[in-house]
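Peer 1: Pasting target.cif below, which is mmCIF, C-alpha atoms.
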```cif
data_run
loop_
_atom_site.label_atom_id
_atom_site.label_comp_id
_atom_site.auth_asym_id
_atom_site.auth_seq_id
_atom_site.Cartn_x
_atom_site.Cartn_y
_atom_site.Cartn_z
CA MET D 20 37.83 -35.69 -5.81
CA THR D 21 39.55 -35.88 -9.16
CA GLU D 22 42.92 -34.21 -9.40
CA ILE D 23 43.31 -31.63 -12.11
CA PHE D 24 46.68 -31.17 -13.79
CA THR D 25 47.88 -27.58 -13.91
CA PRO D 26 50.21 -27.00 -16.83
CA PRO D 27 53.45 -25.06 -16.29
CA THR D 28 52.42 -22.96 -19.29
CA ARG D 29 49.54 -20.53 -19.01
CA PHE D 30 46.40 -21.88 -17.37
CA ALA D 31 43.79 -22.62 -20.00
CA VAL D 32 40.47 -20.82 -20.11
CA PRO D 33 38.65 -22.59 -17.30
CA GLY D 34 35.27 -24.23 -17.81
CA ARG D 35 32.28 -22.28 -16.59
CA ILE D 36 30.22 -25.00 -14.96
CA ALA D 37 30.64 -28.48 -13.63
CA VAL D 38 29.37 -30.99 -16.17
CA GLY D 39 27.82 -34.15 -14.83
CA ASP D 40 27.48 -37.52 -16.46
CA GLY D 41 24.15 -38.77 -17.61
CA THR D 42 22.14 -36.42 -19.77
CA ALA D 43 24.74 -36.37 -22.54
CA ASN D 44 24.57 -40.12 -23.03
CA ARG D 45 20.86 -40.57 -23.57
CA TRP D 46 19.16 -39.97 -26.90
CA GLN D 47 15.74 -38.38 -26.46
CA THR D 48 12.96 -37.87 -28.95
CA ALA D 49 12.41 -34.24 -29.90
CA THR D 50 9.12 -33.46 -31.65
CA LEU D 51 9.07 -30.49 -33.98
CA THR D 52 6.25 -28.12 -32.98
CA GLU D 53 6.94 -24.92 -34.90
CA ILE D 54 9.09 -23.50 -37.69
CA ARG D 55 9.78 -19.76 -37.89
CA ARG D 56 11.65 -18.17 -40.74
CA GLU D 57 14.41 -15.82 -39.58
CA THR D 58 16.19 -14.90 -42.83
CA PRO D 59 16.15 -16.27 -46.39
CA ARG D 60 18.69 -18.90 -45.31
CA ALA D 61 17.97 -19.44 -41.61
CA ALA D 62 14.94 -20.70 -39.71
CA THR D 63 14.16 -21.49 -36.11
CA PHE D 64 12.89 -24.95 -35.23
CA ARG D 65 11.03 -25.41 -31.94
CA PHE D 66 10.89 -28.86 -30.38
CA ALA D 67 9.02 -30.46 -27.53
CA VAL D 68 11.51 -32.45 -25.45
CA PRO D 69 9.46 -33.36 -22.38
CA ALA D 70 12.32 -34.83 -20.35
CA TRP D 71 14.85 -32.13 -21.29
CA ALA D 72 17.27 -31.79 -18.35
CA GLY D 73 17.62 -28.06 -18.80
CA HIS D 74 20.59 -26.16 -20.18
CA LEU D 75 22.55 -22.99 -19.71
CA PRO D 76 22.81 -20.35 -22.42
CA GLY D 77 25.71 -21.16 -24.74
CA GLN D 78 25.46 -24.92 -24.47
CA HIS D 79 24.86 -27.14 -27.47
CA LEU D 80 23.36 -30.52 -28.22
CA MET D 81 23.87 -33.32 -30.68
CA LEU D 82 21.02 -33.97 -33.09
CA ARG D 83 20.52 -37.20 -35.03
CA LEU D 84 18.42 -38.06 -38.06
CA THR D 85 17.82 -41.69 -39.06
CA ALA D 86 16.96 -42.92 -42.56
CA ALA D 87 14.74 -45.92 -43.25
CA ASP D 88 17.77 -48.16 -43.88
CA GLY D 89 19.28 -47.26 -40.51
CA TYR D 90 21.75 -44.70 -41.86
CA THR D 91 22.19 -41.85 -39.38
CA ALA D 92 23.60 -38.35 -39.56
CA GLN D 93 24.41 -36.35 -36.45
CA ARG D 94 25.52 -32.77 -35.93
CA HIS D 95 26.22 -30.41 -33.05
CA TYR D 96 23.93 -27.39 -32.82
CA SER D 97 23.88 -24.52 -30.36
CA ILE D 98 20.68 -24.03 -28.43
CA ALA D 99 18.95 -20.76 -29.29
CA SER D 100 16.32 -20.62 -26.60
CA ALA D 101 16.91 -19.45 -23.06
CA PRO D 102 16.52 -22.02 -20.32
CA ASP D 103 12.91 -22.26 -19.17
CA ASP D 104 10.51 -24.85 -17.86
CA SER D 105 8.38 -25.10 -21.01
CA GLY D 106 9.68 -28.54 -22.00
CA HIS D 107 10.66 -26.98 -25.32
CA ILE D 108 13.95 -25.96 -26.89
CA GLU D 109 14.72 -24.03 -30.07
CA LEU D 110 17.49 -24.35 -32.64
CA THR D 111 18.19 -21.87 -35.43
CA LEU D 112 19.76 -23.56 -38.44
CA ASP D 113 21.37 -22.14 -41.55
CA HIS D 114 20.59 -23.95 -44.76
CA VAL D 115 24.08 -25.23 -45.56
CA ASP D 116 24.75 -25.98 -49.24
CA GLY D 117 24.65 -29.74 -49.61
CA GLY D 118 24.09 -30.17 -45.87
CA GLU D 119 22.24 -33.45 -45.32
CA VAL D 120 20.90 -32.47 -41.90
CA SER D 121 20.20 -28.77 -42.42
CA GLY D 122 18.92 -29.67 -45.90
CA TRP D 123 16.34 -32.00 -44.37
CA PHE D 124 15.25 -29.30 -41.92
CA HIS D 125 14.85 -26.65 -44.58
CA ALA D 126 13.32 -28.79 -47.32
CA GLU D 127 11.39 -31.55 -45.56
CA ALA D 128 10.70 -30.89 -41.91
CA ARG D 129 7.22 -30.01 -40.70
CA PRO D 130 5.56 -29.87 -37.28
CA GLY D 131 5.00 -33.33 -35.85
CA ASP D 132 8.27 -34.72 -37.20
CA ARG D 133 10.46 -36.46 -34.68
CA VAL D 134 14.24 -36.35 -34.42
CA GLU D 135 16.62 -37.36 -31.65
CA VAL D 136 18.81 -35.18 -29.45
CA ARG D 137 21.26 -35.68 -26.65
CA GLY D 138 22.57 -33.04 -24.33
CA PRO D 139 23.04 -30.39 -23.19
CA LEU D 140 26.76 -30.67 -23.92
CA SER D 141 29.93 -28.93 -22.75
CA GLY D 142 30.36 -26.35 -20.05
CA PHE D 143 33.03 -24.32 -21.80
CA PHE D 144 30.86 -21.86 -23.70
CA ALA D 145 28.10 -21.78 -21.08
CA TRP D 146 27.07 -18.52 -19.44
CA PRO D 147 25.24 -18.92 -16.13
CA GLY D 148 24.33 -15.23 -16.08
CA ASP D 149 26.81 -14.40 -13.36
CA ARG D 150 29.60 -12.47 -15.08
CA ALA D 151 29.42 -9.38 -17.28
CA ALA D 152 29.28 -10.75 -20.81
CA LEU D 153 30.67 -9.30 -24.02
CA LEU D 154 29.22 -11.31 -26.92
CA ILE D 155 30.53 -11.17 -30.48
CA GLY D 156 28.97 -13.26 -33.23
CA ALA D 157 28.62 -13.43 -36.99
CA GLY D 158 25.97 -15.08 -39.10
CA SER D 159 24.44 -18.02 -37.29
CA GLY D 160 27.22 -17.63 -34.72
CA VAL D 161 24.76 -15.36 -32.96
CA VAL D 162 22.60 -18.35 -32.00
CA PRO D 163 24.24 -19.35 -28.68
CA LEU D 164 24.74 -15.66 -27.89
CA MET D 165 21.01 -15.02 -28.39
CA SER D 166 20.29 -17.67 -25.78
CA MET D 167 22.35 -15.51 -23.41
CA VAL D 168 20.56 -12.28 -24.41
CA ARG D 169 17.18 -13.96 -23.95
CA HIS D 170 18.21 -15.39 -20.61
CA HIS D 171 19.41 -11.96 -19.50
CA ARG D 172 16.01 -10.50 -20.39
CA ALA D 173 13.87 -13.32 -19.07
CA ARG D 174 15.56 -13.21 -15.69
CA ASP D 175 15.85 -9.43 -15.70
CA LEU D 176 19.55 -9.79 -14.84
CA SER D 177 21.44 -6.67 -13.84
CA VAL D 178 24.89 -7.92 -14.83
CA PRO D 179 26.06 -5.99 -17.93
CA LEU D 180 25.69 -7.67 -21.30
CA ARG D 181 26.61 -6.37 -24.76
CA LEU D 182 26.24 -8.00 -28.17
CA LEU D 183 28.09 -7.18 -31.37
CA VAL D 184 26.49 -9.09 -34.22
CA SER D 185 27.84 -9.14 -37.75
CA ALA D 186 25.71 -9.91 -40.80
CA ARG D 187 26.09 -9.35 -44.54
CA GLY D 188 23.06 -7.10 -44.59
CA PRO D 189 19.77 -6.39 -42.82
CA GLU D 190 18.09 -9.27 -44.69
CA GLN D 191 20.65 -11.71 -43.31
CA LEU D 192 20.50 -10.49 -39.71
CA ILE D 193 19.04 -13.31 -37.62
CA TYR D 194 16.68 -12.22 -34.78
CA ALA D 195 16.66 -8.66 -36.16
CA ALA D 196 13.37 -7.75 -34.47
CA GLU D 197 14.51 -8.95 -31.06
CA TYR D 198 17.57 -6.81 -30.46
CA GLY D 199 17.51 -4.00 -27.95
CA PRO D 200 19.94 -1.37 -26.74
CA GLU D 201 22.42 -4.08 -25.70
CA THR D 202 23.09 -4.89 -29.36
CA THR D 203 25.20 -3.23 -32.05
CA PRO D 204 24.76 -4.74 -35.52
CA VAL D 205 27.67 -4.63 -37.96
CA PHE D 206 26.79 -4.93 -41.66
CA THR D 207 29.54 -6.11 -43.99
CA ARG D 208 27.93 -5.78 -47.45
CA SER D 209 24.85 -3.57 -47.24
CA ALA D 210 23.39 -1.55 -44.41
CA PRO D 211 20.22 0.36 -43.67
CA PRO D 212 20.40 4.11 -44.37
CA GLY D 213 22.64 5.91 -41.91
CA LEU D 214 24.76 2.90 -40.97
CA LEU D 215 28.24 2.23 -42.27
CA VAL D 216 29.11 -0.83 -44.32
CA GLY D 217 32.22 -2.73 -43.31
CA ARG D 218 33.56 -5.53 -41.21
CA LEU D 219 34.01 -5.57 -37.46
CA THR D 220 36.93 -3.32 -36.47
CA ALA D 221 38.82 -2.13 -33.42
CA ALA D 222 36.49 0.87 -33.44
CA HIS D 223 33.56 -1.40 -32.54
CA VAL D 224 35.46 -3.18 -29.78
CA ALA D 225 37.27 -0.26 -28.15
CA PRO D 226 34.20 1.52 -26.68
CA LEU D 227 33.00 -1.73 -25.14
CA LEU D 228 36.34 -2.38 -23.47
CA ALA D 229 36.45 1.24 -22.35
CA GLU D 230 33.18 0.75 -20.52
CA ARG D 231 34.17 -2.58 -19.04
CA PRO D 232 32.49 -3.17 -15.70
CA PRO D 233 34.34 -3.92 -12.46
CA GLY D 234 35.65 -7.46 -12.76
CA GLY D 235 35.94 -7.09 -16.52
CA TRP D 236 34.12 -8.83 -19.36
CA GLU D 237 33.81 -12.52 -20.01
CA ALA D 238 34.02 -12.57 -23.83
CA TYR D 239 32.16 -15.12 -25.94
CA VAL D 240 32.97 -15.25 -29.66
CA CYS D 241 31.06 -17.43 -32.14
CA GLY D 242 31.20 -17.68 -35.91
CA SER D 243 33.25 -19.04 -38.78
CA ASN D 244 36.90 -19.71 -38.10
CA ALA D 245 37.90 -16.63 -40.09
CA PHE D 246 35.53 -14.44 -38.09
CA ALA D 247 36.55 -16.00 -34.77
CA GLU D 248 40.23 -15.39 -35.54
CA HIS D 249 39.52 -11.79 -36.53
CA ALA D 250 37.27 -10.99 -33.57
CA SER D 251 39.48 -12.68 -30.98
CA ARG D 252 42.55 -10.80 -32.25
CA LEU D 253 40.66 -7.52 -32.00
CA LEU D 254 39.74 -8.37 -28.42
CA VAL D 255 43.32 -9.24 -27.47
CA ALA D 256 44.64 -6.08 -29.12
CA ALA D 257 42.07 -4.03 -27.18
CA GLY D 258 43.28 -5.48 -23.89
CA GLN D 259 40.84 -8.31 -23.20
CA PRO D 260 42.72 -11.07 -21.28
CA VAL D 261 43.18 -14.19 -23.44
CA ASP D 262 42.01 -16.47 -20.66
CA ARG D 263 38.67 -14.65 -20.64
CA ILE D 264 37.91 -15.17 -24.31
CA ARG D 265 35.80 -18.22 -25.14
CA ILE D 266 35.55 -19.18 -28.79
CA GLU D 267 33.16 -21.43 -30.60
CA ARG D 268 33.90 -21.98 -34.28
CA PHE D 269 31.63 -23.54 -36.89
CA GLY D 270 32.54 -27.08 -37.83
CA MET V 17 14.99 -47.44 -34.61
CA ASN V 18 13.51 -43.94 -34.79
CA VAL V 19 13.26 -43.28 -38.50
CA THR V 20 13.06 -39.60 -39.41
CA ARG V 21 10.23 -39.05 -41.92
CA GLY V 22 11.55 -37.98 -45.29
CA PHE V 23 15.23 -38.23 -44.40
CA THR V 24 17.37 -40.08 -46.89
CA GLY V 25 20.83 -38.65 -46.20
CA ARG V 26 23.86 -38.59 -48.42
CA PRO V 27 24.53 -41.37 -50.90
CA ARG V 28 25.81 -44.37 -48.95
CA VAL V 29 29.50 -45.00 -49.26
CA ASP V 30 31.03 -48.27 -48.26
CA ASN V 31 33.93 -46.80 -46.37
CA PRO V 32 35.40 -49.11 -43.76
CA GLY V 33 37.62 -46.23 -42.63
CA LEU V 34 34.65 -44.19 -41.41
CA PRO V 35 33.96 -44.67 -37.68
CA PRO V 36 30.34 -44.83 -36.48
CA GLY V 37 28.47 -41.53 -36.54
CA GLN V 38 31.11 -39.79 -38.66
CA TYR V 39 30.90 -38.26 -42.14
CA ASP V 40 33.59 -37.54 -44.70
CA ALA V 41 34.44 -33.83 -44.64
CA GLY V 42 36.16 -34.09 -48.02
CA ASP V 43 38.57 -31.22 -48.59
CA ASP V 44 37.36 -29.23 -45.57
CA TRP V 45 39.45 -29.07 -42.45
CA PRO V 46 37.40 -27.19 -39.85
CA VAL V 47 39.28 -25.32 -37.13
CA LEU V 48 37.82 -25.93 -33.68
CA SER V 49 40.05 -24.45 -31.02
CA ALA V 50 38.19 -22.85 -28.13
CA GLU V 51 41.01 -20.45 -27.38
CA VAL V 52 42.71 -17.52 -29.05
CA THR V 53 45.29 -18.74 -31.57
CA PRO V 54 48.68 -17.89 -29.99
CA ASP V 55 51.50 -16.00 -31.67
CA LEU V 56 54.13 -18.71 -31.32
CA THR V 57 57.18 -18.89 -33.58
CA PRO V 58 59.46 -21.91 -34.02
CA ALA V 59 62.10 -19.95 -32.08
CA ASP V 60 59.69 -19.68 -29.12
CA TRP V 61 58.57 -23.28 -29.29
CA THR V 62 59.80 -25.91 -26.83
CA PHE V 63 58.60 -29.39 -25.99
CA ARG V 64 59.21 -31.03 -22.61
CA ILE V 65 58.54 -34.48 -21.18
CA ASP V 66 58.69 -34.85 -17.41
CA GLY V 67 56.88 -36.50 -14.51
CA LEU V 68 57.47 -40.23 -14.12
CA VAL V 69 60.57 -40.50 -16.32
CA GLU V 70 64.23 -41.31 -15.70
CA GLU V 71 65.44 -38.07 -17.24
CA PRO V 72 63.13 -35.10 -17.87
CA LEU V 73 64.12 -33.32 -21.07
CA THR V 74 63.20 -30.20 -23.00
CA TRP V 75 63.72 -29.94 -26.76
CA ASP V 76 63.81 -26.73 -28.72
CA TRP V 77 62.95 -26.49 -32.41
CA GLY V 78 66.45 -27.48 -33.54
CA ALA V 79 66.84 -30.37 -31.11
CA ALA V 80 63.44 -31.79 -32.03
CA HIS V 81 64.29 -31.56 -35.72
CA ALA V 82 67.54 -33.46 -35.12
CA LEU V 83 65.47 -36.56 -34.31
CA PRO V 84 64.57 -39.00 -37.10
CA THR V 85 61.64 -37.73 -39.11
CA SER V 86 58.47 -39.73 -39.40
CA VAL V 87 55.33 -39.30 -41.47
CA TYR V 88 51.69 -40.13 -40.72
CA GLU V 89 49.52 -40.80 -43.72
CA GLY V 90 45.96 -41.72 -42.94
CA ASP V 91 42.74 -40.34 -41.49
CA ILE V 92 41.67 -38.06 -38.65
CA HIS V 93 38.35 -37.98 -36.80
CA CYS V 94 36.80 -35.02 -34.97
CA VAL V 95 34.24 -35.52 -32.21
CA THR V 96 31.96 -32.98 -33.90
CA SER V 97 31.41 -35.81 -36.43
CA TRP V 98 33.62 -35.01 -39.42
CA SER V 99 36.43 -37.26 -40.53
CA LYS V 100 39.15 -36.32 -42.98
CA PHE V 101 40.77 -38.93 -45.17
CA GLY V 102 44.24 -39.21 -46.64
CA VAL V 103 45.98 -36.52 -44.61
CA ARG V 104 49.76 -36.38 -44.45
CA PHE V 105 51.60 -35.01 -41.43
CA GLY V 106 55.36 -34.83 -41.00
CA GLY V 107 57.29 -34.65 -37.74
CA VAL V 108 58.85 -37.05 -35.28
CA SER V 109 57.38 -40.15 -33.70
CA LEU V 110 56.70 -39.63 -30.01
CA ASP V 111 58.59 -42.88 -29.41
CA ALA V 112 61.80 -41.07 -30.34
CA PHE V 113 61.21 -38.50 -27.59
CA LEU V 114 60.10 -41.08 -25.03
CA GLU V 115 63.21 -43.23 -25.68
CA GLN V 116 65.35 -40.37 -24.46
CA VAL V 117 63.42 -39.64 -21.23
CA ARG V 118 62.80 -43.35 -20.43
CA PRO V 119 59.36 -43.57 -18.76
CA LEU V 120 59.32 -45.27 -15.34
CA PRO V 121 57.39 -48.55 -15.03
CA SER V 122 54.89 -46.72 -12.82
CA ALA V 123 53.90 -44.30 -15.63
CA THR V 124 50.46 -45.22 -16.98
CA HIS V 125 48.96 -41.95 -18.22
CA ALA V 126 50.00 -38.58 -19.54
CA VAL V 127 48.61 -35.09 -19.65
CA ALA V 128 49.56 -33.28 -22.83
CA TYR V 129 49.63 -29.51 -22.47
CA ALA V 130 49.87 -26.67 -24.93
CA HIS V 131 51.71 -23.36 -24.86
CA THR V 132 48.24 -21.82 -24.39
CA GLY V 133 47.54 -23.92 -21.30
CA TYR V 134 45.13 -26.29 -23.07
CA THR V 135 45.38 -29.80 -21.64
CA THR V 136 44.24 -33.28 -22.64
CA ASN V 137 44.79 -36.62 -20.91
CA LEU V 138 45.80 -39.89 -22.57
CA PRO V 139 46.77 -43.39 -21.53
CA LEU V 140 50.51 -43.73 -22.11
CA ALA V 141 49.80 -46.79 -24.26
CA ASP V 142 48.07 -44.49 -26.77
CA LEU V 143 51.23 -42.42 -27.13
CA THR V 144 53.65 -45.29 -27.85
CA GLY V 145 54.08 -47.93 -30.52
CA SER V 146 54.34 -45.59 -33.54
CA ARG V 147 50.82 -44.27 -32.98
CA ALA V 148 51.62 -40.71 -31.89
CA TRP V 149 53.73 -37.89 -33.29
CA ILE V 150 54.91 -34.36 -32.73
CA ALA V 151 53.91 -32.93 -36.10
CA TRP V 152 55.07 -29.69 -37.73
CA GLU V 153 54.25 -30.30 -41.37
CA TYR V 154 50.96 -30.80 -43.15
CA ASP V 155 50.97 -31.80 -46.80
CA GLY V 156 54.66 -30.98 -47.01
CA ARG V 157 54.25 -27.43 -45.69
CA PRO V 158 54.70 -25.91 -42.22
CA LEU V 159 51.66 -26.50 -40.03
CA THR V 160 49.64 -23.26 -39.86
CA PRO V 161 48.99 -21.58 -36.49
CA GLU V 162 45.23 -22.21 -36.54
CA HIS V 163 45.90 -25.94 -37.01
CA GLY V 164 48.39 -25.98 -34.15
CA GLY V 165 51.62 -24.78 -35.72
CA PRO V 166 54.46 -24.53 -35.23
CA ALA V 167 53.94 -28.03 -33.75
CA ARG V 168 51.08 -30.12 -32.42
CA LEU V 169 50.59 -33.50 -30.88
CA LEU V 170 49.12 -36.00 -33.35
CA VAL V 171 47.26 -39.06 -32.04
CA PRO V 172 45.13 -39.93 -35.05
CA HIS V 173 43.56 -43.11 -33.69
CA LEU V 174 41.69 -41.03 -31.08
CA TYR V 175 39.25 -38.13 -31.56
CA PHE V 176 41.22 -35.12 -32.64
CA TRP V 177 40.80 -33.03 -29.47
CA LYS V 178 43.45 -35.37 -28.04
CA SER V 179 45.94 -34.08 -30.64
CA ALA V 180 46.79 -30.94 -28.68
CA LYS V 181 47.68 -27.91 -30.79
CA TRP V 182 50.74 -25.78 -29.90
CA ILE V 183 52.10 -28.70 -27.92
CA ALA V 184 54.38 -27.70 -25.05
CA GLY V 185 54.83 -30.90 -23.10
CA LEU V 186 53.78 -34.20 -21.62
CA ARG V 187 53.62 -34.91 -17.89
CA LEU V 188 53.72 -38.65 -17.22
CA LEU V 189 51.59 -39.80 -14.29
CA ASP V 190 50.60 -43.02 -12.53
CA HIS V 191 46.90 -42.12 -12.81
CA ASP V 192 44.48 -40.34 -15.14
CA GLU V 193 43.76 -36.61 -14.67
CA PRO V 194 41.10 -35.06 -16.90
CA GLY V 195 42.19 -32.37 -19.36
CA PHE V 196 40.36 -29.37 -20.75
CA TRP V 197 37.52 -30.99 -22.70
CA GLU V 198 37.48 -34.00 -20.39
CA GLN V 199 36.58 -31.63 -17.53
CA ASN V 200 33.91 -30.18 -19.80
CA GLY V 201 32.03 -33.43 -20.26
CA TYR V 202 34.04 -35.23 -22.94
CA HIS V 203 35.23 -38.82 -22.76
CA ALA V 204 38.47 -39.72 -20.97
CA ARG V 205 39.85 -41.75 -23.89
CA GLY V 206 37.93 -40.75 -27.02
CA ASN V 207 38.19 -43.82 -29.24
CA PRO V 208 36.18 -43.01 -32.40
CA TRP V 209 35.63 -46.68 -33.22
CA GLU V 210 33.74 -47.08 -29.95
CA GLU V 211 32.15 -43.66 -30.34
CA GLN V 212 33.51 -42.47 -27.00
CA ARG V 213 32.42 -38.86 -27.40
CA TYR V 214 31.10 -37.90 -23.99
CA SER V 215 31.81 -39.01 -20.45
CA GLY V 216 29.87 -42.21 -19.91
CA ASP V 217 29.70 -43.20 -23.61
#
```
Translate the structure described by the file into structure tokens.

Peer 2:
Amino acid sequence: MTEIFTPPTRFAVPGRIAVGDGTANRWQTATLTEIRRETPRAATFRFAVPAWAGHLPGQHLMLRLTAADGYTAQRHYSIASAPDDSGHIELTLDHVDGGEVSGWFHAEARPGDRVEVRGPLSGFFAWPGDRAALLIGAGSGVVPLMSMVRHHRARDLSVPLRLLVSARGPEQLIYAAEYGPETTPVFTRSAPPGLLVGRLTAAHVAPLLAERPPGGWEAYVCGSNAFAEHASRLLVAAGQPVDRIRIERFG
Amino acid sequence: MNVTRGFTGRPRVDNPGLPPGQYDAGDDWPVLSAEVTPDLTPADWTFRIDGLVEEPLTWDWGAAHALPTSVYEGDIHCVTSWSKFGVRFGGVSLDAFLEQVRPLPSATHAVAYAHTGYTTNLPLADLTGSRAWIAWEYDGRPLTPEHGGPARLLVPHLYFWKSAKWIAGLRLLDHDEPGFWEQNGYHARGNPWEEQRYSGD
């Protein structure tokens, strides 16, 4: 049994699951089987990974591309799909300006291409489906949160789950057709008729904290650093305990 | 080698300062804390070293600033695969703090902890020999809260999650105890030159 140091300051946000050795260290071949466009700048890439060890919603992986001269580029990406036994996983990638990895995916990739992945990685942002979950994401920050929403649906979980998802406009809203009553979209630049335009505010967060279930919410925030700072401050101001706010920032 | 069809990648740079699997983030400095950024002013900030030492001590902002200043100019490497070149941090060498508390011969490791409760473990040898700092300036200006201000640990020869933001203290131990990311699957030491990203690497 490994001892764990407890700091005399506040206790940090604890991990959600035990993370074992092994799967994170082995590169596996992932074969692209399908590409689905989500928005003008984002697409979902489905891979066959036959020996995938399984993941929890919210976990990520490391993906590696190799050039003919041996040059490699690797990036962390959140897993978009819910855990299942299909031997497939999905990633949803933004086309980043000048991004060598996302650029390859958006400009070159086609079904049958092979890349390498290792993971799943990190237990911190994982959601096993046990605690009531309040999810707040912006842009492609919704990707790990969508894995949670999908898991919640696929398992028909009864634990409460709410999603606040921010996008510039309806055209930029990833997974727009998949959202149900658990989701409130927030549009910052243009909105469909009848919806307000503006950034996420205390007015979006307050009703969710008012309806917090017994045991409270476990909050998961994902997006750019600016969004994560903004959303996490709104949560703290609304009374969400800081040690129950998990943040994943792009980068 | 598993060559990816059609992948050429960025123009190759002959950069001996770039560890394996890393890329040059240029002017970007991504923020990657997993916690809420704390409201912590210099007046609230303290730094303590205790555990296996002759004399546990706590410094406040003024006492820490009374120590000889020291600057790190060089590179930093994040486990998410970006590296940043030519950064300049100002603060105090950790050696100056350790000289005052006098580690016991039995001390081999340390857990660094933040005012938020974040923890990370390091071999004591990685914190001595002018290789680690308590830093409160970046590029000549006060370190911003999202980058760990008012003061952070700086251990630039290891992956940057070891450089705990909002540093509150070091507990010196005679064994290794995993910190926050280390309990979440990350490597115990995190040497970028050996690509020690995850436990078992």

Peer 1: Point out the residue among V:Asp76, V:Glu153, V:Glu71, V:Glu162 with the least atom-to-atom distance to V:Glu51, counting only C-alpha atoms.

Peer 2: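 Checking each of V:Asp76, V:Glu153, V:Glu71, V:Glu162 against V:Glu51, counting only C-alpha atoms, the winner is V:Glu162.
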
Peer 1: For chain V against chain D, which residues fall within 8 Å using all atoms listed in the file, given as JSON, numbers by chain?

Peer 2: {"V": [17, 18, 19, 20, 21, 22, 23, 24, 25, 26, 37, 38, 39, 46, 47, 48, 49, 50, 51, 52, 53, 96, 97, 127, 129, 130, 131, 132, 133, 134, 135, 184, 193, 194, 195, 196, 197, 199, 200, 201, 202, 214, 215, 216, 217]}

Peer 1: Excluding V:Gly102 and any residue of its chain fewer than 3 positions from it, enumerate the residues within 7 Å of it, using only C-alpha atoms, and give them as a ChimeraX atom specification.

Peer 2: /V:89-91

Peer 1: Carefully work through the PyMOL selection byres ((chain V and resi 146) around 9) for this structure and note down the residues it includes, as a list in words.

Peer 2: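 Against this file, the PyMOL selection byres ((chain V and resi 146) around 9) returns the residues Ser109, Leu110, Asp111, Leu143, Thr144, Gly145, Arg147, Ala148 and Trp149 of chain V.
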
Peer 1: Can you list what the PyMOL selection byres ((chain D and resi 168) around 9) grabs from this structure, as a ChimeraX atom specification?

Peer 2: /D:76,101,164-167,169-173,180-182,198,201

Peer 1: For a quick check of understanding, using all atoms listed in the file, which of V:Val95, V:Leu159, V:Ala141, V:Leu56 has the smallest distance to V:His203?

Peer 2: V:Val95

Peer 1: Give me the result of the PyMOL selection byres ((chain V and resi 43) around 12) on this file, residue by residue, as a list in words.

Peer 2: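 Matching residues under the PyMOL selection byres ((chain V and resi 43) around 12) are Asp40, Ala41, Gly42, Asp44, Trp45, Pro46, Trp98, Ser99, Lys100, Phe101, Gly102 and Val103 of chain V.
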
Peer 1: Give me, please, the distance in Å between atom CA of V:Arg157 and atom CA of V:Arg104, quoted to one decimal.

Peer 2: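 For atom CA of V:Arg157 relative to atom CA of V:Arg104, the distance reads 10.1 Å.
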
Peer 1: Go through V:His173, V:His93, V:Thr124, V:Lys181 one by one, measure the shortest atom-to-atom distance of each to V:Pro139 using all atoms listed in the file, and give the residue with the smallest value.

Peer 2: V:Thr124

Peer 1: Would you compute the distance between atom CA of D:Gln259 and atom CA of D:Thr203? Give it in Å to one decimal.

Peer 2: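 A separation of 18.7 Å between them.
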
Peer 1: Which value, in Å to one decimal, gives the distance between atom CA of D:Phe206 and atom CA of D:Val184?

Peer 2: 8.5 Å

Peer 1: Can you tell me, as a PyMOL selection string, what residues are no more than 12 Å from V:Thr74 when counting only C-alpha atoms, ignoring any on the same chain fewer than 3 positions away?

Peer 2: chain V and resi 61-66+71+77-80+113-114+116-117+184-187

Peer 1: Using C-alpha atoms, can you export the residues from the last selection as an mmCIF file, in the frame of the given file?

Peer 2:
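This is the output file result.cif:
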```
data_model
loop_
_atom_site.group_PDB
_atom_site.id
_atom_site.type_symbol
_atom_site.label_atom_id
_atom_site.label_comp_id
_atom_site.auth_asym_id
_atom_site.auth_seq_id
_atom_site.Cartn_x
_atom_site.Cartn_y
_atom_site.Cartn_z
ATOM 1 C CA TRP V 61 58.570 -23.280 -29.290
ATOM 2 C CA THR V 62 59.800 -25.910 -26.830
ATOM 3 C CA PHE V 63 58.600 -29.390 -25.990
ATOM 4 C CA ARG V 64 59.210 -31.030 -22.610
ATOM 5 C CA ILE V 65 58.540 -34.480 -21.180
ATOM 6 C CA ASP V 66 58.690 -34.850 -17.410
ATOM 7 C CA GLU V 71 65.440 -38.070 -17.240
ATOM 8 C CA TRP V 77 62.950 -26.490 -32.410
ATOM 9 C CA GLY V 78 66.450 -27.480 -33.540
ATOM 10 C CA ALA V 79 66.840 -30.370 -31.110
ATOM 11 C CA ALA V 80 63.440 -31.790 -32.030
ATOM 12 C CA PHE V 113 61.210 -38.500 -27.590
ATOM 13 C CA LEU V 114 60.100 -41.080 -25.030
ATOM 14 C CA GLN V 116 65.350 -40.370 -24.460
ATOM 15 C CA VAL V 117 63.420 -39.640 -21.230
ATOM 16 C CA ALA V 184 54.380 -27.700 -25.050
ATOM 17 C CA GLY V 185 54.830 -30.900 -23.100
ATOM 18 C CA LEU V 186 53.780 -34.200 -21.620
ATOM 19 C CA ARG V 187 53.620 -34.910 -17.890
#
```

Peer 1: Mind checking which residues fall within 12 Å of D:Ser105, counting all atoms listed in the file, ignoring those fewer than 3 positions away in the same chain, and posting them as a list in words?

Peer 2: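 Answer for this query is Arg65, Phe66, Ala67, Val68, Pro69, Ala70, Trp71, Ala72, Gly73, Ser100, Ala101, Pro102, Ile108 and Glu109 of chain D.
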